[in-house]
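Engineer: Quick one: the structure is below, and I'll ask about it shortly.
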Amino acid sequence: MSNLELSGISKTFGATRVLNDVSLSVREGEFLTLVGASGCGKSTVLRVIAGLEPQDAGTVQIGGRRVDHLRPKQRNVAMVFQSYALYPHMSVAENMAMPLVMQRLNLAERLPLLGRLMPRRGRLMTEIAAEVDTVARQLQIETLLARKPAQLSGGQRQRVALGRSMVRHPDVFLMDEPLSNLDAKLRVHMRTELTELHRRLGVTFIYVTHDQVEAMTMSDRVALMDEGRIVQLGTPAELYHNPSDLRVARFIGSPQINILSGTTAGEGVAVADAMLQIPVTVPRGHVVSVGLRAEALSLDAVVGRAKITAKLGHVENLGAEVFLHFVLPDTGAPLVLRATLDAYEAHRGKLDRPVAITVDTSRALVFDVEGHRVDGPARVAMRAMASA
Amino acid sequence: MTTVTARPTASRHAQMRAEAVAGYAFATPALLLIIILLIAPIIVVFLMSLTDYQLGALDWSWVGLGNYSDMFADRIFLRSLGNTFIYVAIVVPGSVIFGLIIAILVQERTKSKAIYQTIFFLPVTTTLIAMSVVWHFLLNPSLGPVTSLARALGFGEFDVFGDPGLVLAGLAVIGIWQLVGFNMILFLAGLTAIPRDLYDAADIDGADGAWDRFARVTWPMLGPTTLFVVVTTTITAFRVFDTVAVITRGNPMGRSDVLLYTLYKVGFQDFNIGPAAAMTIAFLVFVLVVALVQAFVIDRRTHY
């Protein structure tokens, strides 16, 4: 069942086209991440869903009903902002109670002093305080309820912002780079915590980030955006192993995918001093880009596999594994190889001279000059199956 | 061993002393200027307030606190003090509230913002003495266009600056007119500093009506600005002089006597420097109290 549906969303700011025909169907309870470089339009998608920014064209449906004409509060979505956007003059409890106060109390009951005279107010405020307390316990911030945001650490503010979005039980959680103001260690911790929160609540999350690691580790599905369009939508594994576009291949994965320039030839693609036997849909003699993940390369010689000669530059030792940064002798193009520490130790002796690097051709990705995949539809489908 | 440890300690002391000397040397010019330009004049005025010195006179003698006891028994002084407080009580809320309203309205303009800003700021840039003449003409009971208009519309005759009940209000309107632009600029600066995200969050939380946005976001976030504006406006309003000196000269029947105008009359028309100096000290105390309230009470309460 689809919980959130965007169809043909376009948005222009002045002369700039920020969103260009964005369509997206999000399942109930799914954790979907919009990822992309800054300025790709991912935050604007979120703001359109929330109703903070009206779209120029297209429709938004939440829970099967069109919400284009509804104001943000009527869409029953909650949003966590990068800056957290907590009200600095209110305590944590007041911040978290805000959506409920606005929902349940009428204008007279909300008045600063006169409101206290209204008959229903006392009962409603007690109810709200109890609900705020429940959510605060879930987030382990019940001891902070009396504090002001300025007295909290970044991580605590983050939880308060989450709490404020949770109290109203929204249909959709919208999160705009919620972790980017935290330090690296806390960010990793909050990643786990958010994923667990999502599992516990079972509600749809739309998460915006520029960090591909967050996208890969947290999401059910990822939509990679560039220049106001969704380039590819799929599971993290699909995006990693079977990117449909060179931009996706480059954006996803760390270390970044190796891209080598090649030429199509009779039985495949010629790259540096190797001939990779890959069926391509481009006629021979054309320039293509070959994408090789660091783990598709190996120092071990395998009979029948293509080899590229390269010279070792520097070594990044991560403990259990190492990234070996090679340079191709002719072009000076870089090539990163991922090896276990043992494999690296085994081959260490010969690495002061140019060595032959074995290429796992079945994992190579070929793109034409426009960045589209050209290594044959059968291969794409096969890789999709392998990654599923 | 002892010589080895003693030497660094001694040199550290010497270094600290040298730094202290350098620090005082750097601070001295500023300190001297403050003493010459601010502290010394205040002390001189205070000393004068203890004498019966008359401008141009050759003899004078100490009279102790006599000028102060005279001052608090003087009906004219007490009346001007009362008038000044009434004037402040009208001008401060008037110019702060209108400044805020105009700032919010101007803030929401996009293309015409600069034009409106300039128009509302114009009174601040004008010379109040010259503008007082204009206001005097505008509100003149026989020649002024405002009064002719009122008469044509059937509101009857009125003479703002001749009516004991209206004169302070009339002067206050001019004071508000002059201060609104300045307060608007301060509020605009405060409004621009409010993060957009807060309004977005308020929209999503349901505080999206004009009143809720103002009450839940704008007004609390403008707290520090508002208090600064109130304090500066209070001090400025306290110093009202130009309009009174040009338009009413304390008339009718002393109903527009204000503190600085009375001080001016005593000091520079009657040449009674001693009593005038005592009034100056009294004036200084009032302004100081306002400034201290800002520094110690307000600053601590409104910063988040």
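Ligands are numbered from 1 in the order shown, residues from 1 within each chain, and chains are lettered A, B, ... in the order they appear in the structure tokens.
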Could you list, as a compact mmCIF listing (two decimals) with C-alpha atoms, in the first residue's frame, every residue of chain B that has an atom within 6 Å of an atom of chain A, counting only C-alpha atoms?

Structural biologist:
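Saved the output as out_30.txt:
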# COMPACT_ATOMS: atom_id res chain seq x y z
CA ASP B 197 13.21 27.49 10.26
CA LEU B 198 11.28 28.64 13.33
CA ILE B 204 3.99 22.44 10.81
CA ASP B 205 3.11 22.55 14.50
CA GLY B 206 -0.05 24.41 13.61

Engineer: Excluding Gly313 (chain A) and any residue of its chain fewer than 6 positions from it, enumerate the residues within 8 Å of it, using only C-alpha atoms, and give them as a ChimeraX atom specification.

Structural biologist: /A:324-327

Engineer: Just C-alpha atoms for this one: save the residues we selected as a CSV table (one decimal), in the first residue's frame.

Structural biologist:
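Listing of part_36.csv after writing:
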chain,number,residue,atom,x,y,z
A,324,LEU,CA,45.8,0.7,-1.8
A,325,HIS,CA,46.0,3.7,-4.0
A,326,PHE,CA,47.6,2.8,-7.4
A,327,VAL,CA,48.4,5.0,-10.3

Engineer: Using backbone DSSP assignments, extract all strand (DSSP E) residues from region 34-64 of chain A; output them as a PyMOL selection string.

Structural biologist: chain A and resi 34-35+57-62

Engineer: Which residues, written as a list in words, have at least one atom at most 6 Å from His210 (chain A), with only C-alpha atoms counted and residues fewer than 3 positions away on the same chain left out?

Structural biologist: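 With the cut-off at 6 Å, the set is Val35, Gly36 and Ala37 of chain A.
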
Engineer: Mind giving me the straight-line distance from CA of Glu316 (chain A) to CA of Val271 (chain A) in Å, one decimal?

Structural biologist: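 About the pair CA of Glu316 (chain A) and CA of Val271 (chain A): they are 25.2 Å apart.
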
Engineer: Where in region 82-237 of chain B does DSSP assign helix (DSSP H, G or I), given as a PyMOL selection string?

Structural biologist: chain B and resi 82-108+113-125+128-138+145-152+167-192+196-205+210-221+223-237

Engineer: Show which residues sit within 8 Å of Val26 (chain A), as a PyMOL selection string. Count only C-alpha atoms, and ignore same-chain residues fewer than 4 positions away.

Structural biologist: chain A and resi 2-5+30+32+204

Engineer: Write out, as a PDB file, in the first residue's frame, the residues just selected, with N, CA and C atoms.

Structural biologist:
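out.pdb was written with the following content:
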ATOM      1  N   SER A   2       0.472   2.170  -0.824  1.00  0.00           N
ATOM      2  CA  SER A   2       1.292   3.377  -0.902  1.00  0.00           C
ATOM      3  C   SER A   2       0.805   4.412   0.103  1.00  0.00           C
ATOM      4  N   ASN A   3       1.743   4.943   0.826  1.00  0.00           N
ATOM      5  CA  ASN A   3       1.417   5.869   1.887  1.00  0.00           C
ATOM      6  C   ASN A   3       1.599   7.301   1.430  1.00  0.00           C
ATOM      7  N   LEU A   4       2.553   7.473   0.529  1.00  0.00           N
ATOM      8  CA  LEU A   4       2.854   8.818   0.055  1.00  0.00           C
ATOM      9  C   LEU A   4       3.150   8.727  -1.428  1.00  0.00           C
ATOM     10  N   GLU A   5       2.532   9.616  -2.171  1.00  0.00           N
ATOM     11  CA  GLU A   5       2.667   9.525  -3.622  1.00  0.00           C
ATOM     12  C   GLU A   5       2.919  10.918  -4.177  1.00  0.00           C
ATOM     13  N   GLU A  30       7.741   2.674   5.191  1.00  0.00           N
ATOM     14  CA  GLU A  30       9.054   2.566   4.563  1.00  0.00           C
ATOM     15  C   GLU A  30       9.997   3.661   5.056  1.00  0.00           C
ATOM     16  N   LEU A  32      12.551   5.857   3.466  1.00  0.00           N
ATOM     17  CA  LEU A  32      13.054   6.242   2.153  1.00  0.00           C
ATOM     18  C   LEU A  32      13.962   7.456   2.293  1.00  0.00           C
ATOM     19  N   THR A 204       6.068   5.804   8.137  1.00  0.00           N
ATOM     20  CA  THR A 204       6.882   6.185   6.993  1.00  0.00           C
ATOM     21  C   THR A 204       7.866   7.301   7.359  1.00  0.00           C
TER      22      THR A 204
END

Engineer: Could you pull the residues within 12 Å of Thr134 (chain A), counting only C-alpha atoms, minus those fewer than 2 positions along the same chain, as a ChimeraX atom specification?

Structural biologist: /A:93,96-97,127-132,136-142,145,163-164,166-167

Engineer: Using C-alpha atoms, can you write the selected residues to a file as a JSON list (two decimals), in the first residue's frame?

Structural biologist:
[["chain", "number", "residue", "atom", "x", "y", "z"],
["A", 93, "ALA", "CA", 8.27, 20.29, 27.62],
["A", 96, "MET", "CA", 7.29, 19.16, 22.63],
["A", 97, "ALA", "CA", 3.75, 20.12, 23.64],
["A", 127, "GLU", "CA", -3.49, 15.26, 29.09],
["A", 128, "ILE", "CA", -0.89, 16.90, 26.87],
["A", 129, "ALA", "CA", 1.70, 16.89, 29.65],
["A", 130, "ALA", "CA", 1.13, 13.15, 30.15],
["A", 131, "GLU", "CA", 1.61, 12.44, 26.44],
["A", 132, "VAL", "CA", 4.74, 14.60, 26.30],
["A", 136, "ALA", "CA", 10.13, 11.95, 26.57],
["A", 137, "ARG", "CA", 10.59, 8.61, 28.34],
["A", 138, "GLN", "CA", 10.86, 6.81, 25.01],
["A", 139, "LEU", "CA", 13.65, 9.19, 24.02],
["A", 140, "GLN", "CA", 15.20, 9.21, 27.50],
["A", 141, "ILE", "CA", 14.90, 12.97, 27.86],
["A", 142, "GLU", "CA", 12.35, 12.99, 30.70],
["A", 145, "LEU", "CA", 11.79, 18.64, 30.34],
["A", 163, "GLY", "CA", 10.09, 14.26, 20.44],
["A", 164, "ARG", "CA", 8.22, 17.28, 19.14],
["A", 166, "MET", "CA", 6.55, 12.20, 17.65],
["A", 167, "VAL", "CA", 3.92, 13.58, 20.05]]

Engineer: Nearest to Glu193 (chain A) among A:Met218, A:Met118, A:Leu351, A:Ile252, with distances taken over only C-alpha atoms: which residue is it?

Structural biologist: A:Met218

Engineer: Show which residues sit within 12 Å of Arg27 (chain A), as a PyMOL selection string. Count only C-alpha atoms, and ignore same-chain residues fewer than 2 positions away.

Structural biologist: chain A and resi 1-6+24-25+29-32+62-64+171-172+202-206+220-221

Engineer: Got time to write the residues from that selection, C-alpha atoms, as a tab-separated table (two decimals), in the first residue's frame?

Structural biologist:
chain	number	residue	atom	x	y	z
A	1	MET	CA	0.00	0.00	0.00
A	2	SER	CA	1.29	3.38	-0.90
A	3	ASN	CA	1.42	5.87	1.89
A	4	LEU	CA	2.85	8.82	0.05
A	5	GLU	CA	2.67	9.53	-3.62
A	6	LEU	CA	4.32	12.33	-5.55
A	24	LEU	CA	7.84	8.97	-6.15
A	25	SER	CA	5.76	6.31	-4.49
A	29	GLY	CA	6.15	2.24	6.95
A	30	GLU	CA	9.05	2.57	4.56
A	31	PHE	CA	12.32	4.37	5.35
A	32	LEU	CA	13.05	6.24	2.15
A	62	ILE	CA	-0.69	11.26	1.67
A	63	GLY	CA	-2.54	8.16	2.83
A	64	GLY	CA	-4.51	8.09	-0.41
A	171	ASP	CA	1.41	9.76	9.10
A	172	VAL	CA	4.83	10.69	7.74
A	202	GLY	CA	6.49	1.55	11.96
A	203	VAL	CA	5.68	4.90	10.35
A	204	THR	CA	6.88	6.19	6.99
A	205	PHE	CA	10.13	8.14	7.19
A	206	ILE	CA	11.34	10.43	4.42
A	220	ASP	CA	14.84	0.59	2.87
A	221	ARG	CA	15.10	2.44	-0.41

Engineer: So which residues touch Val302 (chain A) within 12 Å, counting only C-alpha atoms, skipping near sequence neighbours fewer than 5 positions away, as an mmCIF file with N, CA and C atoms, in the first residue's frame?

Structural biologist:
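Written file, around26.cif:
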data_model
loop_
_atom_site.group_PDB
_atom_site.id
_atom_site.type_symbol
_atom_site.label_atom_id
_atom_site.label_comp_id
_atom_site.auth_asym_id
_atom_site.auth_seq_id
_atom_site.Cartn_x
_atom_site.Cartn_y
_atom_site.Cartn_z
ATOM 1 N N LEU A 297 38.728 -5.341 -7.605
ATOM 2 C CA LEU A 297 40.140 -5.457 -7.971
ATOM 3 C C LEU A 297 40.832 -6.322 -6.932
ATOM 4 N N LYS A 307 44.019 -8.235 -16.511
ATOM 5 C CA LYS A 307 44.924 -7.617 -15.554
ATOM 6 C C LYS A 307 45.294 -6.219 -16.022
ATOM 7 N N ALA A 356 50.561 -6.356 -11.578
ATOM 8 C CA ALA A 356 49.350 -6.656 -12.343
ATOM 9 C C ALA A 356 48.184 -6.775 -11.370
ATOM 10 N N ILE A 357 47.148 -5.983 -11.611
ATOM 11 C CA ILE A 357 45.958 -6.014 -10.761
ATOM 12 C C ILE A 357 44.873 -6.795 -11.489
ATOM 13 N N THR A 358 44.330 -7.782 -10.797
ATOM 14 C CA THR A 358 43.314 -8.622 -11.418
ATOM 15 C C THR A 358 41.946 -7.937 -11.326
ATOM 16 N N VAL A 359 41.222 -7.962 -12.454
ATOM 17 C CA VAL A 359 39.917 -7.303 -12.505
ATOM 18 C C VAL A 359 38.819 -8.359 -12.568
ATOM 19 N N ASP A 360 37.825 -8.243 -11.662
ATOM 20 C CA ASP A 360 36.653 -9.114 -11.732
ATOM 21 C C ASP A 360 35.686 -8.497 -12.729
ATOM 22 N N THR A 361 35.791 -8.968 -13.975
ATOM 23 C CA THR A 361 35.041 -8.338 -15.073
ATOM 24 C C THR A 361 33.533 -8.403 -14.842
#

Engineer: Restricting the calculation to only C-alpha atoms: of B:Thr51, B:Asn83, B:Gln178, B:Asn183, which residue gets closest to Ile101 (chain B)?

Structural biologist: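 The closest residue to Ile101 (chain B) is B:Asn183.
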
Engineer: Record the distance separating CA of Thr233 (chain B) and CA of Leu284 (chain B), expressed in Å with one decimal.

Structural biologist: 15.7 Å

Engineer: In Å, with one decimal, what is the gap from CA of Leu263 (chain B) to CA of Ala276 (chain B)?

Structural biologist: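 It comes out at 5.4 Å.
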
Engineer: Measuring atom to atom with only C-alpha atoms, identify which of A:Ile9, A:Ile259, A:Leu124, A:Met190 is nearest to Asp56 (chain A).

Structural biologist: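 Closest to Asp56 (chain A) of all the choices is A:Ile9.
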